[in-house]
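Below you'll find the structure, written out as structure tokens, and then a few comments.
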Amino acid sequence: MNKKDMENIAKGHSLMIIGDECATLYDLLQNHDALFNIQILPYVALYYDSTRDFFKVNIQTDIDLAMKDIRNNLKLFNETYSHISKRIEQEDVKQNEYFENPIDKSLTKSLGLFFVDDRKIIGNTYLSNIELNMSDLEEDEWSSYSYSLGYVSGQLLGTLYETIKDNGFEFLDTVNIDRKKEIKCCNINTNNNNIFNNEISKEMNIILLSILGKINFVKYYLEPLFFKNDSWLFRVRYISVYYSHRALKKVLNQLKDIDIVKYKKISSIINEDLFDTEFRNYTMHYGLLKGDKFIVSEDNFDETKLWVGLVEDCFGKTYKEYFAELLTYREIIETFISELFNWDEVVYDN
């Protein structure tokens, strides 16, 4: 296969993936639920910035730069533990000052937790503020800021959707937005509550809740919306587990001197074989060329496979085999973190 043929194949399949994922996000954003949109916006920003990069769009407006920052904030858990902890600590100070009860500080509730189903946490306000760069905004600015981001990204998706459709691309229906769930909130005092685990620091509690929220948002909210296999859903599954895995390793390193059986147990089942830095790079971009070489080998290239054989190339197993192992590992992470908290103490706000 000559260079030109490889470039054409790579570009064609990138455009196919971009088209499919555009349709998926277009359908998901019909949800119009503010809390859902806050949770999904980092992944919208990933699509927004990565497609601009693929099409070599060089114009940079304030919104474009904001979306790039949000996309990069998906990688928060790739930072050192001290960096992550410091960001959480800074957010805690800001929110405790902002929401401070002037009469009784013990009544201050600065951290909002988001849940679906039976107390399945899917996010929290601290992580959302950090990811969306909202920490320094005043409360009356939040609405206009998030609206601007949503409006511009919606315009991009709408334009791409119509352009791709006008060029004869047939979208695959994979989402049933009517399956959306009610998101419930519980606001707590980070210095005095019965949900946290008292054996670890406040910051570590919030980091673990953030890790759990990331994988649970995909598992308990996003996945039930899909009735078919989907490229975008696999992308966010991988990204959420990859960065949760990275963060959990850093947490466990902080706990290595604590004589608690369950901490040692999870350390023994960390699965490095499921993660590949090069594959992670592909999940954050849409190009299928590395230099002038098509990244999928001829042996594994198959248009009927998800991502045309990239999974098989990187991990040496079929997509179905890899996917099953990834979800099993996600269950292990979820179970371990969930058992650390006192979910019976969650009381939803009215």
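Chain lettering (A, B, ...) mirrors the order of the structure tokens, residue numbering begins at 1 for each chain separately, and ligand numbering begins at 1 in order of display.
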
Write down as a VMD selection string the residues belonging to stretch 86-314 of chain A that are assigned strand (DSSP E or B) by DSSP computed on the backbone. chain A and resid 111 to 116 120 to 124 175 184 to 188 226 289 to 290 293 to 294

request  = Find the residues near stretch 312-320 of chain A: any atom within 10 Å, counting only C-alpha atoms, skip ones fewer than 2 places away on the same chain, and give them as a list in words.
outcome  =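 My list of contacting residues is Asp273, Leu274, Phe275, Asp276, Thr277, Glu278, Phe279, Ile295, Val296, Ser297, Glu298, Asp299, Asn300, Phe301, Lys305, Leu306, Trp307, Val308, Gly309, Leu310, Tyr322, Phe323, Ala324, Glu325 and Leu326 of chain A.
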
Using only C-alpha atoms, find the one residue out of A:Asn197, A:Ile103, A:His13, A:Glu303 that sits nearest to A:Glu339.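 Of the candidates, the smallest distance to A:Glu339 is held by A:Asn197.
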
Using DSSP on the backbone, list every residue of stretch 178-314 of chain A that comes out as helix (DSSP H, G or I), and give them as a count of residues only.
76

Using only C-alpha atoms, the shortest atom-to-atom distance to A:Glu182 among A:Asp118, A:Glu138, A:Glu91, A:Glu199 belongs to A:Asp118
